[in-house]
Protein chains: 2
Amino acid sequence: MDWTTTPAVSRKVEETEFKLECEGRTVPGILWRPEKHGENGKLALLGHGGGHHKRTEYVLAVARWLARSHGIASIALDGPGHGARLEEGQEADFGKAWDAEETTANIVADWRAALDDAQDFLGTGPVGYWGLSMGTMMGIPLVAVEPRIKVAVFGLMGFWGLNRDQLRATAPLVTCPLRFLLQWDDEIIPRERGLMLFDALGSRDKALHAHMGLHSAVPMTTMRKTTIYLASYLCADEGSA
Amino acid sequence: MDWTTTPAVSRKVEETEFKLECEGRTVPGILWRPEKHGENGKLALLGHGGGHHKRTEYVLAVARWLARSHGIASIALDGPGHGARLEEGQEADFGKAWDAEETTANIVADWRAALDDAQDFLGTGPVGYWGLSMGTMMGIPLVAVEPRIKVAVFGLMGFWGLNRDQLRATAPLVTCPLRFLLQWDDEIIPRERGLMLFDALGSRDKALHAHMGLHSAVPMTTMRKTTIYLASYLCADEGSA
């Protein structure tokens, strides 16, 4: 994990960009920490959606909520073929990014490498995963194989996209508590595919929260509640759940 | 509304039983109010599930939460063929109670008469409906025709039971904000029927919360959250949402 920017504090949250090397790939990311470092090792991994990037508006909001209200650090990575993984002037191409068979395995390896480095730096504490849409395409295969992740927020995805076979294979292996968001009128992910994915997840402690509206119409109040949910597990030993 | 017991305070909530006459039926009910009467007219109508009665454990819990934490009064009625509508020693027979064509219309009239009387007594304020399972069988046809009801909690029901035709007819007429609970492993209401009922409800501001477990396994924390949801609408003008 090589820092590429100086730590900068905005709205009581410290933000630092980094790069790390994983299997020959250069992986761009951001670390957010509470301004007053708690050094408690609590960490959330934030996966952005297709066409977005590691510092897209709602990822930044989630990172700041977690840091400010709950003392939880976060890291976000640019997803495959997104953000700073692109050449200057190039636009994200979701289809191309996920077309390769190895895309899922690669991004899982990237997240695990980032988690290793982050824990070396922050200390070892409870870890959560938060990611909707493409964030769930990355997150389910990751959480399935990563025992350090104790709680997850998924959603806006189904057995649908270019890694649907990997989702089918890994969803039953997810066993941590999770919340799954579904947009009832999702114009991208057919409702039935989303319900099937939720059903397939192996966790006993899982809840589906479905709201009206299109794919991208998740209200900010709902986003905020997902961070409270995540924090309730990551901070459970402090009685703040 | 004739009081049949003296007001009794338990755990800071005042409870009084009553009977009212509606179209020749004697309707038994309970009124709960905060010990220190707020006289704000805020009111919740609580519909119990099949085989239960107006003072069943979770209805009492909901009434006390609403009164103590949010200053909201509640009334519960015994449903058709349930509770004190039965002869001494008789057991509730859900199938028999809902077998008659007029059962739905009758219970809707009973609720509206109780609401009239309660508002005469408490004053006019925002009204919510809360009812799961049979509470939803009563509640959807009621909320569909009762403009005084501004928010609802439904769930554990689908296009399934003996009044499914009435549910089909009235669900699209429900337009208030609502939350709908669904038990993913419900052994009584097939999941697909529940999803269809949720889908048919006419409200734009509606959310489905699905949890793992059988029909009756709704956790108390989820029950508590439904009262916070209801209160957030009934108390919205006070900025307590």
# chains A, B, ... in the order shown; residues from 1 in each chain; ligands from 1
>>> residues_around(residues="stretch 211-213 of chain B", least_positions_apart="5", cutoff="6 Å", atoms="only C-alpha atoms", output="number ranges by chain")
A: 207; B: 183-185
>>> residues_around(residues="B:Gly161", least_positions_apart="2", cutoff="12 Å", atoms="only C-alpha atoms", output="list in words")
Gly50, Phe94, Gly95, Lys96, Ala97, Trp98, Asp99, Thr104, Ser133, Met134, Thr136, Met137, Met138, Leu156, Met157, Gly158, Phe159, Asn163, Arg164, Asp165, Gln166, Leu167, Arg168, Ile188, Ile189, Pro190, Arg193, Gly194 and Leu197 of chain B
>>> closest_atom_pairs(of="chain A", to="chain B", cutoff="12 Å", atoms="only C-alpha atoms", output="Markdown table")
| residue | atom | partner | partner_atom | distance |
| --- | --- | --- | --- | --- |
| A:Pro177 | CA | B:Met212 | CA | 11.2 |
| A:Leu178 | CA | B:His211 | CA | 10.7 |
| A:Arg179 | CA | B:His211 | CA | 9.6 |
| A:Phe180 | CA | B:Ala210 | CA | 9.6 |
| A:Leu181 | CA | B:His209 | CA | 9.6 |
| A:Leu182 | CA | B:Leu208 | CA | 9.2 |
| A:Gln183 | CA | B:Ala207 | CA | 9.5 |
| A:Trp184 | CA | B:Asp199 | CA | 8.4 |
| A:Asp185 | CA | B:Asp199 | CA | 10.1 |
| A:Arg191 | CA | B:Leu195 | CA | 10.8 |
| A:Glu192 | CA | B:Glu192 | CA | 10.5 |
| A:Leu195 | CA | B:Leu195 | CA | 10.2 |
| A:Met196 | CA | B:Trp184 | CA | 11.8 |
| A:Phe198 | CA | B:Trp184 | CA | 10.2 |
| A:Asp199 | CA | B:Trp184 | CA | 8.5 |
| A:Ala200 | CA | B:Trp184 | CA | 11.9 |
| A:Leu201 | CA | B:Met212 | CA | 11.4 |
| A:Gly202 | CA | B:Met212 | CA | 11.2 |
| A:Ser203 | CA | B:Met212 | CA | 9.3 |
| A:Arg204 | CA | B:Met212 | CA | 6.7 |
| A:Asp205 | CA | B:Met212 | CA | 6.8 |
| A:Lys206 | CA | B:His211 | CA | 6.4 |
| A:Ala207 | CA | B:His211 | CA | 4.7 |
| A:Leu208 | CA | B:Ala210 | CA | 4.8 |
| A:His209 | CA | B:His209 | CA | 4.7 |
| A:Ala210 | CA | B:Leu208 | CA | 4.8 |
| A:His211 | CA | B:Ala207 | CA | 4.6 |
| A:Met212 | CA | B:Lys206 | CA | 6.5 |
| A:Gly213 | CA | B:Arg204 | CA | 8.6 |
| A:Val218 | CA | B:Ala207 | CA | 11.5 |
| A:Pro219 | CA | B:Asp205 | CA | 11.4 |
| A:Thr221 | CA | B:Ala241 | CA | 11.6 |
| A:Thr222 | CA | B:Ala207 | CA | 10.7 |
| A:Ala241 | CA | B:Thr221 | CA | 11.7 |
>>> residues_around(residues="A:Glu15", least_positions_apart="2", cutoff="7 Å", atoms="only C-alpha atoms", output="list in words")
Pro7, Ala8, Val9, Val13, Glu17, Ile30, Leu31, Trp32 and Arg33 of chain A
>>> residues_around(residues="A:Thr170", least_positions_apart="3", cutoff="7 Å", atoms="only C-alpha atoms", output="list in words")
Ile140, Pro141, Ala144, Gln166, Leu167, Leu173 and Val174 of chain A
>>> atom_distance(atom1="atom CA of B:Ala109", atom2="atom CA of B:Gly47")
13.8 Å
>>> atom_distance(atom1="atom CA of A:Gly125", atom2="atom CA of A:Lys42")
4.8 Å
>>> select_by_dssp(residues="stretch 19-240 of chain B", states="helix (DSSP H, G or I)", output="number ranges by chain")
B: 57-70, 83-85, 94-99, 103-122, 134-145, 164-173, 191-200, 220-234, 236-238
>>> atom_distance(atom1="atom CA of B:Leu132", atom2="atom CA of B:Cys176")
16.6 Å
>>> residues_around(residues="stretch 76-93 of chain B", least_positions_apart="6", cutoff="8 Å", atoms="only C-alpha atoms", output="VMD selection string")
chain B and resid 26 to 31 45 to 48 50 to 55 59 103 107 111
>>> residues_around(residues="B:Leu230", least_positions_apart="3", cutoff="7 Å", atoms="only C-alpha atoms", output="ChimeraX atom specification")
/B:128,151-152,226-227,233-234
>>> decode(residues="stretch 117-128 of chain A", atoms="N, CA and C atoms", output="PDB file, in the first residue's frame")
ATOM      1  N   ASP A 117      -3.110  -5.297   3.613  1.00  0.00           N
ATOM      2  CA  ASP A 117      -2.324  -4.072   3.816  1.00  0.00           C
ATOM      3  C   ASP A 117      -2.992  -3.141   4.822  1.00  0.00           C
ATOM      4  N   ALA A 118      -4.305  -3.015   4.706  1.00  0.00           N
ATOM      5  CA  ALA A 118      -5.028  -2.101   5.605  1.00  0.00           C
ATOM      6  C   ALA A 118      -4.923  -2.588   7.043  1.00  0.00           C
ATOM      7  N   GLN A 119      -4.998  -3.896   7.239  1.00  0.00           N
ATOM      8  CA  GLN A 119      -4.906  -4.415   8.611  1.00  0.00           C
ATOM      9  C   GLN A 119      -3.485  -4.283   9.155  1.00  0.00           C
ATOM     10  N   ASP A 120      -2.481  -4.417   8.271  1.00  0.00           N
ATOM     11  CA  ASP A 120      -1.106  -4.155   8.718  1.00  0.00           C
ATOM     12  C   ASP A 120      -0.989  -2.732   9.249  1.00  0.00           C
ATOM     13  N   PHE A 121      -1.699  -1.828   8.580  1.00  0.00           N
ATOM     14  CA  PHE A 121      -1.571  -0.409   8.913  1.00  0.00           C
ATOM     15  C   PHE A 121      -2.462  -0.010  10.092  1.00  0.00           C
ATOM     16  N   LEU A 122      -3.712  -0.503  10.080  1.00  0.00           N
ATOM     17  CA  LEU A 122      -4.712  -0.042  11.064  1.00  0.00           C
ATOM     18  C   LEU A 122      -4.820  -0.941  12.283  1.00  0.00           C
ATOM     19  N   GLY A 123      -4.289  -2.141  12.157  1.00  0.00           N
ATOM     20  CA  GLY A 123      -4.525  -3.138  13.196  1.00  0.00           C
ATOM     21  C   GLY A 123      -5.695  -4.023  12.789  1.00  0.00           C
ATOM     22  N   THR A 124      -5.839  -5.140  13.488  1.00  0.00           N
ATOM     23  CA  THR A 124      -6.853  -6.118  13.124  1.00  0.00           C
ATOM     24  C   THR A 124      -8.105  -5.911  13.947  1.00  0.00           C
ATOM     25  N   GLY A 125      -9.226  -5.697  13.287  1.00  0.00           N
ATOM     26  CA  GLY A 125     -10.509  -5.544  13.971  1.00  0.00           C
ATOM     27  C   GLY A 125     -11.591  -6.136  13.100  1.00  0.00           C
ATOM     28  N   PRO A 126     -12.835  -5.997  13.509  1.00  0.00           N
ATOM     29  CA  PRO A 126     -13.930  -6.548  12.710  1.00  0.00           C
ATOM     30  C   PRO A 126     -14.062  -5.807  11.372  1.00  0.00           C
ATOM     31  N   VAL A 127     -14.400  -6.573  10.336  1.00  0.00           N
ATOM     32  CA  VAL A 127     -14.455  -6.028   8.973  1.00  0.00           C
ATOM     33  C   VAL A 127     -15.842  -6.231   8.394  1.00  0.00           C
ATOM     34  N   GLY A 128     -16.343  -5.209   7.699  1.00  0.00           N
ATOM     35  CA  GLY A 128     -17.613  -5.326   6.995  1.00  0.00           C
ATOM     36  C   GLY A 128     -17.427  -5.037   5.519  1.00  0.00           C
TER      37      GLY A 128
END
